[in-house]
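Raw upload-v4.txt, compact mmCIF, C-alpha atoms:
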```
# COMPACT_ATOMS: atom_id res chain seq x y z
CA MET C 147 14.68 101.16 -3.58
CA VAL C 148 16.45 98.61 -1.37
CA ALA C 149 14.85 100.28 1.65
CA PHE C 150 11.38 100.17 0.09
CA GLU C 151 11.86 96.48 -0.71
CA ALA C 152 13.00 95.66 2.82
CA MET C 153 10.10 97.50 4.43
CA GLY C 154 7.57 96.11 1.96
CA VAL C 155 8.55 92.44 2.13
CA ALA C 156 8.45 92.28 5.91
CA THR C 157 4.91 93.68 5.87
CA ALA C 158 3.56 91.55 3.01
CA LEU C 159 5.27 88.26 3.86
CA PRO C 160 2.60 86.84 6.23
CA THR C 161 0.05 87.21 3.39
CA ILE C 162 2.48 85.81 0.80
CA ALA C 163 3.28 82.76 2.94
CA ALA C 164 -0.42 82.08 3.54
CA GLU C 165 -1.36 82.34 -0.17
CA LEU C 166 1.55 80.19 -1.36
CA ASP C 167 1.05 77.68 1.48
CA GLY C 168 4.57 78.40 2.71
CA GLN C 169 4.13 79.27 6.38
CA ARG C 170 6.71 76.66 7.34
CA TRP C 171 9.22 78.44 5.12
CA TYR C 172 8.40 81.90 6.46
CA SER C 173 11.83 82.62 7.97
CA TRP C 174 13.60 81.24 4.87
CA ALA C 175 12.57 84.29 2.86
CA PHE C 176 14.91 86.26 5.12
CA THR C 177 17.54 83.54 5.55
CA LEU C 178 18.13 82.96 1.82
CA PHE C 179 18.21 86.69 1.14
CA MET C 180 20.96 87.16 3.74
CA ALA C 181 22.95 84.07 2.74
CA ALA C 182 22.99 85.22 -0.89
CA SER C 183 23.81 88.76 0.21
CA ALA C 184 27.00 87.47 1.84
CA VAL C 185 28.18 86.14 -1.53
CA GLY C 186 27.30 89.39 -3.29
CA THR C 187 29.04 91.42 -0.60
CA VAL C 188 32.35 89.56 -0.92
CA PHE C 189 32.25 89.80 -4.70
CA ALA C 190 31.47 93.54 -4.56
CA GLY C 191 34.18 94.21 -2.00
CA ARG C 192 36.82 92.49 -4.09
CA LEU C 193 35.72 94.29 -7.24
CA ALA C 194 35.74 97.62 -5.40
CA ASP C 195 39.32 97.07 -4.15
CA ARG C 196 40.56 96.01 -7.59
CA HIS C 197 38.53 98.13 -10.02
CA GLY C 198 36.85 100.84 -7.96
CA PRO C 199 33.26 101.00 -6.67
CA ALA C 200 31.54 101.83 -9.99
CA LEU C 201 31.59 98.32 -11.48
CA PRO C 202 29.98 96.43 -8.56
CA LEU C 203 27.24 99.06 -8.23
CA LEU C 204 26.35 98.95 -11.92
CA LEU C 205 26.19 95.14 -11.80
CA ALA C 206 24.18 95.01 -8.57
CA LEU C 207 21.17 97.11 -9.52
CA PRO C 208 20.01 95.10 -12.60
CA LEU C 209 20.47 91.85 -10.65
CA PHE C 210 18.35 93.24 -7.82
CA ALA C 211 15.65 94.23 -10.32
CA ALA C 212 15.67 90.72 -11.85
CA GLY C 213 15.02 89.26 -8.40
CA LEU C 214 12.06 91.62 -7.94
CA LEU C 215 10.53 90.59 -11.27
CA LEU C 216 10.92 86.88 -10.50
CA ALA C 217 9.32 87.31 -7.06
CA GLY C 218 6.38 89.15 -8.59
CA ALA C 219 5.77 86.25 -10.98
CA ALA C 220 6.43 83.44 -8.47
CA PRO C 221 3.81 80.64 -8.76
CA ASN C 222 4.87 78.95 -5.51
CA MET C 223 7.03 79.41 -2.43
CA SER C 224 10.03 77.67 -3.97
CA VAL C 225 10.27 80.20 -6.80
CA LEU C 226 9.73 83.05 -4.35
CA LEU C 227 12.66 81.82 -2.25
CA LEU C 228 14.83 81.62 -5.39
CA ALA C 229 13.83 85.20 -6.20
CA ARG C 230 14.77 86.30 -2.69
CA ALA C 231 18.22 84.78 -3.24
CA LEU C 232 18.63 86.82 -6.45
CA GLN C 233 17.53 89.94 -4.61
CA GLY C 234 20.12 89.14 -1.96
CA LEU C 235 22.92 88.82 -4.51
CA GLY C 236 22.04 92.21 -5.96
CA GLY C 237 21.16 93.99 -2.73
CA GLY C 238 24.24 92.63 -0.96
CA SER C 239 26.49 94.17 -3.62
CA ILE C 240 25.27 97.73 -3.08
CA ALA C 241 26.41 98.81 0.39
CA VAL C 242 30.13 97.99 0.14
CA PRO C 243 30.91 100.20 -2.88
CA LEU C 244 28.94 103.01 -1.23
CA TYR C 245 31.12 102.68 1.88
CA VAL C 246 34.24 102.79 -0.30
CA MET C 247 32.96 105.91 -2.07
CA ILE C 248 32.32 107.67 1.25
CA ALA C 249 35.88 106.92 2.35
CA ARG C 250 37.17 108.15 -1.01
CA VAL C 251 35.15 111.39 -1.28
CA TYR C 252 34.89 112.67 2.31
CA PRO C 253 37.66 113.42 4.84
CA GLN C 254 37.53 111.19 7.89
CA ARG C 255 36.07 113.85 10.19
CA HIS C 256 32.95 113.94 7.97
CA HIS C 257 32.40 110.17 7.85
CA PRO C 258 29.86 110.15 10.75
CA ARG C 259 27.70 112.74 8.97
CA ALA C 260 28.03 110.95 5.64
CA PHE C 261 26.68 107.74 7.16
CA GLY C 262 23.95 109.74 8.86
CA ALA C 263 22.99 111.16 5.47
CA MET C 264 22.95 107.69 3.94
CA SER C 265 20.58 106.54 6.68
CA ALA C 266 18.25 109.36 5.64
CA ALA C 267 17.51 107.30 2.52
CA TRP C 268 15.38 105.13 4.82
CA VAL C 269 13.14 107.96 6.05
CA LEU C 270 10.69 108.06 3.14
CA PRO C 271 10.53 104.25 2.79
CA SER C 272 9.98 104.06 6.56
CA LEU C 273 7.08 106.48 6.41
CA LEU C 274 5.44 105.05 3.30
CA GLY C 275 6.85 101.55 2.78
CA PRO C 276 5.00 99.39 5.33
CA ALA C 277 1.66 101.19 4.98
CA LEU C 278 1.94 101.28 1.18
CA SER C 279 2.94 97.62 1.06
CA GLY C 280 0.03 96.69 3.30
CA LEU C 281 -2.38 98.75 1.21
CA ILE C 282 -1.12 97.21 -2.04
CA THR C 283 -1.36 93.73 -0.53
CA GLU C 284 -4.94 94.31 0.63
CA GLN C 285 -6.33 96.30 -2.32
CA LEU C 286 -4.33 95.02 -5.32
CA HIS C 287 -2.06 92.02 -4.79
CA TRP C 288 1.17 91.29 -2.95
CA ARG C 289 2.88 90.69 -6.32
CA TRP C 290 2.86 94.43 -7.00
CA VAL C 291 5.02 94.98 -3.91
CA PHE C 292 7.83 93.49 -6.05
CA LEU C 293 6.74 94.34 -9.59
CA GLY C 294 6.12 97.99 -8.80
CA LEU C 295 9.71 98.55 -7.63
CA ALA C 296 11.62 96.88 -10.47
CA PRO C 297 11.26 99.67 -13.08
CA PHE C 298 12.42 102.28 -10.57
CA VAL C 299 15.52 100.25 -9.71
CA LEU C 300 16.47 100.04 -13.39
CA LEU C 301 15.77 103.75 -13.87
CA GLY C 302 17.93 104.49 -10.83
CA ALA C 303 20.82 102.54 -12.36
CA VAL C 304 20.61 104.66 -15.52
CA LEU C 305 20.46 107.94 -13.59
CA LEU C 306 23.34 107.02 -11.26
CA ALA C 307 25.70 105.68 -13.90
CA PRO C 308 27.45 108.97 -14.91
CA THR C 309 28.16 110.04 -11.31
CA ILE C 310 29.24 106.57 -10.21
CA ARG C 311 31.67 106.29 -13.10
CA ARG C 312 33.28 109.66 -12.24
CA ALA C 313 33.67 108.95 -8.52
CA GLY C 314 34.33 105.23 -8.77
CA SER C 315 37.50 105.00 -10.85
CA LYS C 316 40.12 102.33 -10.29
CA PRO C 317 42.10 102.79 -7.03
CA GLU C 318 45.76 103.80 -7.11
CA THR C 319 46.95 101.18 -4.60
CA ARG C 320 46.84 97.44 -5.15
CA PRO C 321 44.69 95.41 -2.72
CA THR C 322 46.21 92.79 -0.45
CA ALA C 323 46.12 89.30 -1.95
CA ARG C 324 43.36 87.30 -0.25
CA PRO C 325 42.97 83.92 -1.97
CA GLY C 326 39.79 81.95 -1.48
CA LEU C 327 37.41 84.82 -0.63
CA LEU C 328 34.69 83.94 -3.14
CA PRO C 329 34.74 80.17 -2.39
CA ALA C 330 34.60 81.04 1.31
CA ALA C 331 31.57 83.28 0.70
CA LEU C 332 29.83 80.50 -1.23
CA GLY C 333 30.71 78.05 1.53
CA ALA C 334 29.39 80.38 4.24
CA GLY C 335 26.13 80.96 2.39
CA PHE C 336 25.65 77.24 1.73
CA GLY C 337 26.63 76.35 5.29
CA THR C 338 24.08 78.82 6.66
CA VAL C 339 21.30 77.32 4.55
CA VAL C 340 22.22 73.73 5.52
CA LEU C 341 22.47 74.59 9.23
CA ASN C 342 19.06 76.26 9.21
CA TRP C 343 17.51 73.37 7.29
CA SER C 344 18.95 70.92 9.81
CA ALA C 345 17.50 72.90 12.70
CA ASP C 346 14.11 72.95 10.96
CA HIS C 347 14.08 69.18 10.19
CA PRO C 348 15.40 67.34 13.25
CA SER C 349 16.70 63.82 12.51
CA LEU C 350 19.93 61.84 12.66
CA LEU C 351 20.82 62.90 9.11
CA SER C 352 20.13 66.55 9.85
CA ALA C 353 22.29 66.35 12.98
CA VAL C 354 25.23 65.11 10.89
CA LEU C 355 24.61 67.80 8.26
CA GLY C 356 24.31 70.43 10.98
CA VAL C 357 27.71 69.52 12.44
CA ALA C 358 29.29 69.58 8.96
CA ALA C 359 27.69 72.95 8.22
CA THR C 360 28.95 74.38 11.52
CA VAL C 361 32.52 73.30 10.73
CA SER C 362 32.22 74.73 7.21
CA LEU C 363 30.93 78.04 8.57
CA TRP C 364 33.76 78.24 11.08
CA VAL C 365 36.41 77.71 8.38
CA CYS C 366 34.80 80.14 5.91
CA ILE C 367 34.19 82.90 8.44
CA ARG C 368 37.86 82.87 9.41
CA VAL C 369 38.68 83.67 5.77
CA LEU C 370 35.96 86.29 5.27
CA LEU C 371 36.39 88.30 8.47
CA PRO C 372 39.45 90.10 9.92
CA THR C 373 41.72 88.07 12.19
CA GLY C 374 40.51 88.24 15.77
CA THR C 375 36.82 88.85 14.98
CA LEU C 376 35.51 85.74 16.74
CA SER C 377 37.62 86.52 19.82
CA ALA C 378 36.43 90.17 19.90
CA ARG C 379 39.89 91.69 19.50
CA PRO C 380 39.73 95.49 20.00
CA GLY C 381 39.62 97.74 16.94
CA ILE C 382 38.26 96.52 13.60
CA PRO C 383 37.59 92.90 14.72
CA VAL C 384 35.27 93.75 17.62
CA MET C 385 33.38 96.26 15.46
CA VAL C 386 32.81 93.58 12.81
CA LEU C 387 31.60 91.11 15.45
CA ALA C 388 29.34 93.74 17.00
CA ARG C 389 27.76 94.41 13.62
CA GLY C 390 26.77 90.76 13.23
CA LEU C 391 25.34 90.52 16.74
CA LEU C 392 23.39 93.78 16.36
CA ALA C 393 21.88 92.77 13.03
CA GLY C 394 21.09 89.25 14.20
CA VAL C 395 19.31 90.40 17.36
CA PHE C 396 17.38 93.28 15.81
CA PHE C 397 16.24 91.73 12.53
CA THR C 398 15.41 88.35 14.04
CA ALA C 399 13.06 90.01 16.50
CA GLU C 400 11.66 92.29 13.80
CA ALA C 401 10.95 89.41 11.42
CA PHE C 402 8.30 88.05 13.80
CA ILE C 403 6.59 91.33 14.77
CA PRO C 404 4.20 91.47 11.74
CA LEU C 405 3.51 87.75 12.12
CA VAL C 406 2.53 88.05 15.80
CA LEU C 407 0.47 91.19 15.22
CA THR C 408 -1.54 89.56 12.40
CA VAL C 409 -1.89 86.00 13.74
CA VAL C 410 -2.27 86.67 17.47
CA HIS C 411 -3.63 90.20 17.75
CA GLY C 412 -5.69 90.40 14.55
CA TYR C 413 -3.95 93.38 12.95
CA SER C 414 -4.32 94.03 9.23
CA ALA C 415 -1.23 93.79 7.02
CA MET C 416 -1.07 97.58 6.82
CA LEU C 417 -1.24 98.16 10.59
CA ALA C 418 1.21 95.32 11.29
CA GLY C 419 3.86 97.19 9.32
CA ILE C 420 3.70 100.37 11.40
CA PRO C 421 6.23 99.17 14.05
CA LEU C 422 8.74 98.74 11.22
CA THR C 423 8.07 102.35 10.23
CA VAL C 424 8.69 103.78 13.69
CA ALA C 425 11.82 101.64 14.05
CA SER C 426 13.28 102.93 10.81
CA LEU C 427 12.49 106.49 11.76
CA GLY C 428 14.22 105.88 15.08
CA TRP C 429 17.15 104.38 13.14
CA SER C 430 17.45 107.51 10.99
CA LEU C 431 17.27 109.80 14.01
CA GLY C 432 19.85 107.74 15.88
CA SER C 433 22.19 107.82 12.91
CA PHE C 434 21.68 111.58 12.51
CA TRP C 435 22.47 112.08 16.22
CA GLN C 436 25.66 110.00 16.18
CA GLY C 437 26.92 112.05 13.24
CA ARG C 438 27.08 115.09 15.50
CA GLN C 439 28.71 113.50 18.52
CA GLY C 440 32.37 114.18 19.17
CA ARG C 441 32.46 113.58 22.91
CA PHE C 442 31.93 109.84 22.94
CA SER C 443 34.12 107.10 21.52
CA ARG C 444 32.67 104.84 18.85
CA GLU C 445 32.94 101.88 21.24
CA HIS C 446 30.86 103.83 23.75
CA LEU C 447 28.19 104.57 21.13
CA VAL C 448 28.05 100.96 19.91
CA ALA C 449 27.69 99.58 23.44
CA SER C 450 24.91 102.10 24.16
CA GLY C 451 23.16 101.06 20.95
CA PHE C 452 23.21 97.43 22.09
CA VAL C 453 21.46 98.43 25.32
CA LEU C 454 18.69 100.27 23.42
CA VAL C 455 18.17 97.27 21.12
CA VAL C 456 17.86 94.94 24.13
CA VAL C 457 15.21 97.25 25.59
CA GLY C 458 13.33 97.10 22.29
CA VAL C 459 13.44 93.29 22.16
CA LEU C 460 11.84 93.25 25.62
CA GLY C 461 8.81 94.75 23.88
CA VAL C 462 8.68 91.75 21.51
CA ALA C 463 8.65 89.40 24.50
CA LEU C 464 5.72 91.35 25.95
CA LEU C 465 3.94 91.28 22.58
CA ALA C 466 4.10 87.52 21.99
CA PRO C 467 1.31 86.20 24.26
CA GLU C 468 -2.34 86.63 23.27
CA TRP C 469 -2.81 88.78 26.37
CA GLY C 470 0.37 90.73 25.58
CA ALA C 471 0.73 94.49 25.36
CA ASP C 472 0.44 94.86 21.59
CA ARG C 473 0.35 98.69 21.53
CA ALA C 474 3.55 98.98 23.53
CA ILE C 475 5.52 97.54 20.61
CA PHE C 476 5.32 100.88 18.81
CA LEU C 477 7.34 102.57 21.58
CA PHE C 478 9.67 99.65 22.25
CA TRP C 479 10.55 99.13 18.60
CA SER C 480 11.26 102.81 18.01
CA ILE C 481 13.80 102.56 20.86
CA ALA C 482 15.39 99.52 19.20
CA GLY C 483 15.57 101.39 15.89
CA ALA C 484 17.32 104.33 17.54
CA GLY C 485 19.86 101.94 19.04
CA MET C 486 20.59 100.49 15.60
CA GLY C 487 21.00 103.95 14.09
CA VAL C 488 23.55 104.94 16.71
CA SER C 489 25.51 101.70 16.66
CA VAL C 490 25.49 100.53 13.03
CA SER C 491 26.74 103.86 11.71
CA SER C 492 29.35 103.94 14.46
CA THR C 493 30.72 100.53 13.49
CA ALA C 494 31.16 101.73 9.90
CA VAL C 495 32.83 104.97 10.98
CA ARG C 496 35.24 103.16 13.28
CA VAL C 497 36.18 100.47 10.73
CA LEU C 498 36.76 102.94 7.88
CA GLY C 499 38.80 105.15 10.20
CA LEU C 500 41.12 102.26 11.04
CA SER C 501 41.36 100.82 7.49
CA ASP C 502 44.18 101.32 5.01
CA GLN C 503 43.05 102.50 1.57
CA ALA C 504 43.76 99.12 0.00
CA GLU C 505 41.69 97.33 2.65
CA ARG C 506 38.54 99.48 2.63
CA GLY C 507 36.65 97.13 0.34
CA PHE C 508 37.57 94.01 2.32
CA ASN C 509 36.80 95.57 5.72
CA SER C 510 33.55 97.13 4.50
CA ALA C 511 32.58 93.75 3.07
CA ALA C 512 33.46 92.11 6.39
CA LEU C 513 31.02 94.44 8.15
CA GLN C 514 28.28 93.55 5.71
CA ILE C 515 29.05 89.81 5.80
CA SER C 516 28.93 89.80 9.58
CA ASP C 517 25.65 91.70 9.38
CA MET C 518 24.12 89.28 6.89
CA LEU C 519 25.35 86.05 8.43
CA GLY C 520 24.21 87.26 11.85
CA GLN C 521 20.74 87.81 10.43
CA ALA C 522 20.64 84.62 8.39
CA LEU C 523 21.79 82.39 11.25
CA LEU C 524 19.66 83.90 14.00
CA ILE C 525 16.52 84.34 11.89
CA GLY C 526 16.79 80.77 10.58
CA LEU C 527 17.49 79.22 13.97
CA GLY C 528 14.88 81.49 15.53
CA GLY C 529 12.30 80.29 13.00
CA ALA C 530 13.13 76.68 13.85
CA LEU C 531 12.70 77.44 17.56
CA VAL C 532 9.36 79.16 16.98
CA ASN C 533 8.10 76.19 14.93
CA LEU C 534 9.33 73.72 17.55
CA LEU C 535 7.60 75.46 20.47
CA ALA C 536 4.40 76.43 18.64
CA SER C 537 1.19 74.86 19.89
CA THR C 538 -2.52 75.23 19.26
CA ARG C 539 -3.08 77.17 22.49
CA GLU C 540 0.13 79.23 22.41
CA PRO C 541 1.16 79.62 18.74
CA THR C 542 3.80 82.23 19.54
CA LEU C 543 5.32 80.80 22.71
CA GLY C 544 8.52 80.33 20.74
CA VAL C 545 8.64 84.07 19.96
CA ALA C 546 8.70 84.91 23.66
CA VAL C 547 11.46 82.38 24.32
CA LEU C 548 13.39 83.62 21.29
CA ALA C 549 13.11 87.22 22.49
CA GLY C 550 14.63 86.23 25.82
CA LEU C 551 17.59 84.55 24.09
CA LEU C 552 18.08 87.58 21.86
CA MET C 553 18.17 89.87 24.90
CA VAL C 554 20.96 87.74 26.38
CA THR C 555 22.87 87.88 23.08
CA GLY C 556 22.52 91.66 22.88
CA SER C 557 23.71 92.10 26.45
CA LEU C 558 26.77 89.98 25.66
CA GLY C 559 27.52 92.19 22.65
CA ALA C 560 27.35 95.34 24.76
CA ARG C 561 29.75 93.82 27.28
CA LEU C 562 32.27 92.78 24.61
CA VAL C 563 32.36 96.24 23.03
CA ALA C 564 32.55 98.04 26.38
CA ARG C 565 35.39 95.75 27.47
CA SER C 566 37.29 96.50 24.24
CA ARG C 567 37.03 100.20 24.99
CA GLY C 568 38.64 99.63 28.38
CA ILE C 569 41.48 97.67 26.76
CA ILE C 570 42.13 100.48 24.29
CA LEU C 571 42.21 103.09 27.05
CA ASP C 572 44.62 101.01 29.10
CA GLY C 573 46.93 100.70 26.09
CA ARG C 574 46.76 96.92 26.09
```
Encoding of this model in structure tokens:
Amino acid sequence: MVAFEAMGVATALPTIAAELDGQRWYSWAFTLFMAASAVGTVFAGRLADRHGPALPLLLALPLFAAGLLLAGAAPNMSVLLLARALQGLGGGSIAVPLYVMIARVYPQRHHPRAFGAMSAAWVLPSLLGPALSGLITEQLHWRWVFLGLAPFVLLGAVLLAPTIRRAGSKPETRPTARPGLLPAALGAGFGTVVLNWSADHPSLLSAVLGVAATVSLWVCIRVLLPTGTLSARPGIPVMVLARGLLAGVFFTAEAFIPLVLTVVHGYSAMLAGIPLTVASLGWSLGSFWQGRQGRFSREHLVASGFVLVVVGVLGVALLAPEWGADRAIFLFWSIAGAGMGVSVSSTAVRVLGLSDQAERGFNSAALQISDMLGQALLIGLGGALVNLLASTREPTLGVAVLAGLLMVTGSLGARLVARSRGIILDGR
């Protein structure tokens, strides 16, 4: 259901923004979702370490459904953005307990295949989600993209409850004391929102707020992420950093693909969602492939995934101009999706393999927080850049510039991970 929502919103959002007169707030639908997800992730990780993974899962699903219902009834863009924040709180609380359950149920040698199997949950939504969302948007109304999912999410919670309660009992070991996690998550989410607002509304006041938000983010991230993450220390820290860079690069580029296809190249909402389908299929195939690789180190696989994502973002740069190669995006974005499948699963496998039992919730949450903050920051700042550089003659000039910056960021990520592999081999 989370996968269907993700695929559906990205396809329907250009229509939603146009109807609610919220084009200027287009990127905020993603930014607020990710900022709220960071809060939900920290809360779920702490609950999973203290009480087992059952409780956060059973709280997350009804909250996610409430966000869907509010979005379906939203009378304006402000309410829709509030609904996206609720969806983020619920959706952000789902992945961490699932990671903890994988570590608890499967021996370590089977973790790669377990994450590959979990990625398979995206296959059906990838095949049907964008096209179905586009069809619903065109033939019924975009509100049913949200309203149609809510009953299934609640039904899923009821069906999952017995199994989750059996496999998600309270852990035997006590988690490490980590004071200030929830305030830090709230501060990081708020700081992300303020920083993106400042970038979108340039003035002296916004410059002051932007500096304050940057300092707040720096302080909060140091609490939420393992020591050494921002300096790319080998092991868990560099994997957590890589996850944020991967998610930021990939999802920032993807957020603007349907917009460019509809506004510049005249695609319908249904056709504009097809690149998201092929990317998710590539993601699932990449994750399936990594689950059967024993020859390569996880650092090697993550660095290779970065390279594939950078190649895919090149396709977005070629798509942006009016004369751009719009059909090539289907191939390029499938390559990017495959890179994400290989690398995202590999970061989770590596982090769980290096984590003590009492730290699985915190480290899994750190992966998700890095993922979400990477998306929220880069999508928000990317949206500000696109708005700043937009003109009547070249409405998507900013997308091309943004794609170039994302390619540089992805290349840096590949270098950091590859360098960490060399340090590990040298024993330093």
Smallest atom-to-atom distance to Ala482 in chain C: which of C:Ala512, C:Gln503, C:Asp517, C:Val395, using all atoms listed in the file?
C:Val395
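The coordinates place CA of Val488 in chain C at 7.2 Å from CA of Trp435 in chain C.
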Using all atoms listed in the file, which residues sit within 6 Å of range 379-392 of chain C once same-chain residues fewer than 6 positions away are excluded, as a list of chain:residue names?
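What passes the distance filter is C:Pro372, C:Thr493, C:Val497, C:Leu513, C:Ser516, C:Asp517, C:Gly520, C:Ser566.
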Between C:Ala190, C:Ala330, C:Val495, C:Val457, single out the one closest to Tyr252 in chain C, counting only C-alpha atoms.
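So, comparing all the options, the nearest one is C:Val495.
Among C:Leu159, C:Val339, C:Ala231, C:Ala511, the residue with the shortest atom-to-atom distance to Leu371 in chain C, counting only C-alpha atoms, is C:Ala511.
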For a quick check of understanding, using all atoms listed in the file, which of C:Leu244, C:Ala220, C:Met518, C:Leu327 has the smallest distance to Phe189 in chain C?
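Answer, going by the shortest atom-to-atom distance: C:Leu327.
Using only C-alpha atoms for every distance, the candidate list C:Ser443, C:Gln233, C:Thr555, C:Ser173 yields C:Gln233 as the residue closest to Ala212 in chain C.
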Give me, as a PyMOL selection string, all polymer residues having an atom no more than 7 Å from Leu431 in chain C, counting all atoms listed in the file and skipping those fewer than 4 positions away in the same chain.
chain C and resi 427+435+484+487
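Picture a line from CA of Pro243 in chain C to CA of His256 in chain C; it runs 17.6 Å.
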Given only C-alpha atoms as the basis, pick out the residue of C:Ala358, C:Ile367, C:Ala249, C:Leu226 nearest to Asp502 in chain C.
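Ranked by minimum distance to Asp502 in chain C, first place goes to C:Ala249.
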Could I get the residues of range 419-446 of chain C with an atom no further than 10 Å from an atom of range 396-401 of chain C, each paired with its nearest atom pair and that distance in Å to one decimal, using only C-alpha atoms, sorted by chain and residue number, as a tab-separated table?
```
residue	atom	partner	partner_atom	distance
C:Pro421	CA	C:Glu400	CA	8.8
C:Leu422	CA	C:Glu400	CA	7.5
C:Ala425	CA	C:Glu400	CA	9.4
```
Residues near Gly483 in chain C, cut-off 8 Å, only C-alpha atoms, skip fewer than 3 positions along chain, as number ranges by chain
C: 424-429, 432, 455, 479-480, 486-487
Take the residues that were just selected and, keeping C-alpha atoms, output them as a JSON list (two decimals), in the frame of the given file.
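Ended up saving to selection28.json:
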```json
[["chain", "number", "residue", "atom", "x", "y", "z"],
["C", 424, "VAL", "CA", 8.69, 103.78, 13.69],
["C", 425, "ALA", "CA", 11.82, 101.64, 14.05],
["C", 426, "SER", "CA", 13.28, 102.93, 10.81],
["C", 427, "LEU", "CA", 12.49, 106.49, 11.76],
["C", 428, "GLY", "CA", 14.22, 105.88, 15.08],
["C", 429, "TRP", "CA", 17.15, 104.38, 13.14],
["C", 432, "GLY", "CA", 19.85, 107.74, 15.88],
["C", 455, "VAL", "CA", 18.17, 97.27, 21.12],
["C", 479, "TRP", "CA", 10.55, 99.13, 18.60],
["C", 480, "SER", "CA", 11.26, 102.81, 18.01],
["C", 486, "MET", "CA", 20.59, 100.49, 15.60],
["C", 487, "GLY", "CA", 21.00, 103.95, 14.09]]
```
Kindly give the distance, in Å, that separates CA of Ala307 in chain C and CA of Leu328 in chain C, rounded to a single decimal.
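CA of Ala307 in chain C sits 25.9 Å away from CA of Leu328 in chain C.
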Skipping near chain neighbours, those fewer than 4 positions away, what residues fall within 9 Å of Ala217 in chain C using all atoms listed in the file, listed as a list in words?
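What passes the distance filter is Ala212, Gly213, Pro221, Val225, Leu226, Leu227, Leu228, Ala229, Arg230, Gln233, Arg289, Phe292 and Leu293 of chain C.
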Where does range 277-383 of chain C meet range 175-184 of chain C within 12 Å, residue by residue, with the nearest atom pair and distance in Å to one decimal for each, counting all atoms listed in the file, listed by chain and rising number, as a Markdown table?
```
| residue | atom | partner | partner_atom | distance |
| --- | --- | --- | --- | --- |
| C:Leu327 | CA | C:Ala184 | CA | 11.0 |
| C:Leu328 | CA | C:Ala184 | CA | 9.8 |
| C:Pro329 | CA | C:Ala184 | CA | 11.4 |
| C:Ala330 | CA | C:Ala184 | CA | 10.0 |
| C:Ala331 | CA | C:Ala184 | CA | 6.3 |
| C:Leu332 | CA | C:Ala184 | CA | 8.1 |
| C:Gly333 | CA | C:Ala181 | CA | 9.9 |
| C:Ala334 | CA | C:Ala181 | CA | 7.6 |
| C:Gly335 | CA | C:Ala181 | CA | 4.5 |
| C:Phe336 | CA | C:Ala181 | CA | 7.4 |
| C:Gly337 | CA | C:Ala181 | CA | 8.9 |
| C:Thr338 | CA | C:Ala181 | CA | 6.6 |
| C:Val339 | CA | C:Leu178 | CA | 7.0 |
| C:Val340 | CA | C:Ala181 | CA | 10.7 |
| C:Leu341 | CA | C:Thr177 | CA | 10.9 |
| C:Asn342 | CA | C:Thr177 | CA | 8.3 |
| C:Trp343 | CA | C:Thr177 | CA | 10.3 |
| C:Leu363 | CA | C:Ala181 | CA | 11.6 |
| C:Cys366 | CA | C:Ala184 | CA | 11.5 |
| C:Ile367 | CA | C:Ala184 | CA | 10.8 |
| C:Leu370 | CA | C:Ala184 | CA | 9.7 |
| C:Leu371 | CA | C:Ala184 | CA | 11.5 |
```
Rebuild range 209-218 of chain C so that it carries N, CA and C atoms, then output the result as a compact mmCIF listing (two decimals), keeping the file's coordinate frame.
```
# COMPACT_ATOMS: atom_id res chain seq x y z
N LEU C 209 20.69 93.16 -11.27
CA LEU C 209 20.47 91.85 -10.65
C LEU C 209 19.38 91.94 -9.59
N PHE C 210 19.38 93.01 -8.83
CA PHE C 210 18.35 93.24 -7.82
C PHE C 210 16.98 93.35 -8.49
N ALA C 211 16.91 94.08 -9.60
CA ALA C 211 15.65 94.23 -10.32
C ALA C 211 15.16 92.89 -10.87
N ALA C 212 16.07 92.04 -11.34
CA ALA C 212 15.67 90.72 -11.85
C ALA C 212 15.05 89.89 -10.73
N GLY C 213 15.60 89.98 -9.53
CA GLY C 213 15.02 89.26 -8.40
C GLY C 213 13.62 89.75 -8.06
N LEU C 214 13.39 91.07 -8.19
CA LEU C 214 12.06 91.62 -7.94
C LEU C 214 11.04 91.10 -8.96
N LEU C 215 11.44 91.07 -10.22
CA LEU C 215 10.53 90.59 -11.27
C LEU C 215 10.19 89.11 -11.08
N LEU C 216 11.19 88.31 -10.71
CA LEU C 216 10.92 86.88 -10.50
C LEU C 216 10.01 86.67 -9.30
N ALA C 217 10.20 87.44 -8.24
CA ALA C 217 9.32 87.31 -7.06
C ALA C 217 7.89 87.69 -7.41
N GLY C 218 7.73 88.74 -8.21
CA GLY C 218 6.38 89.15 -8.59
C GLY C 218 5.64 88.13 -9.42
```
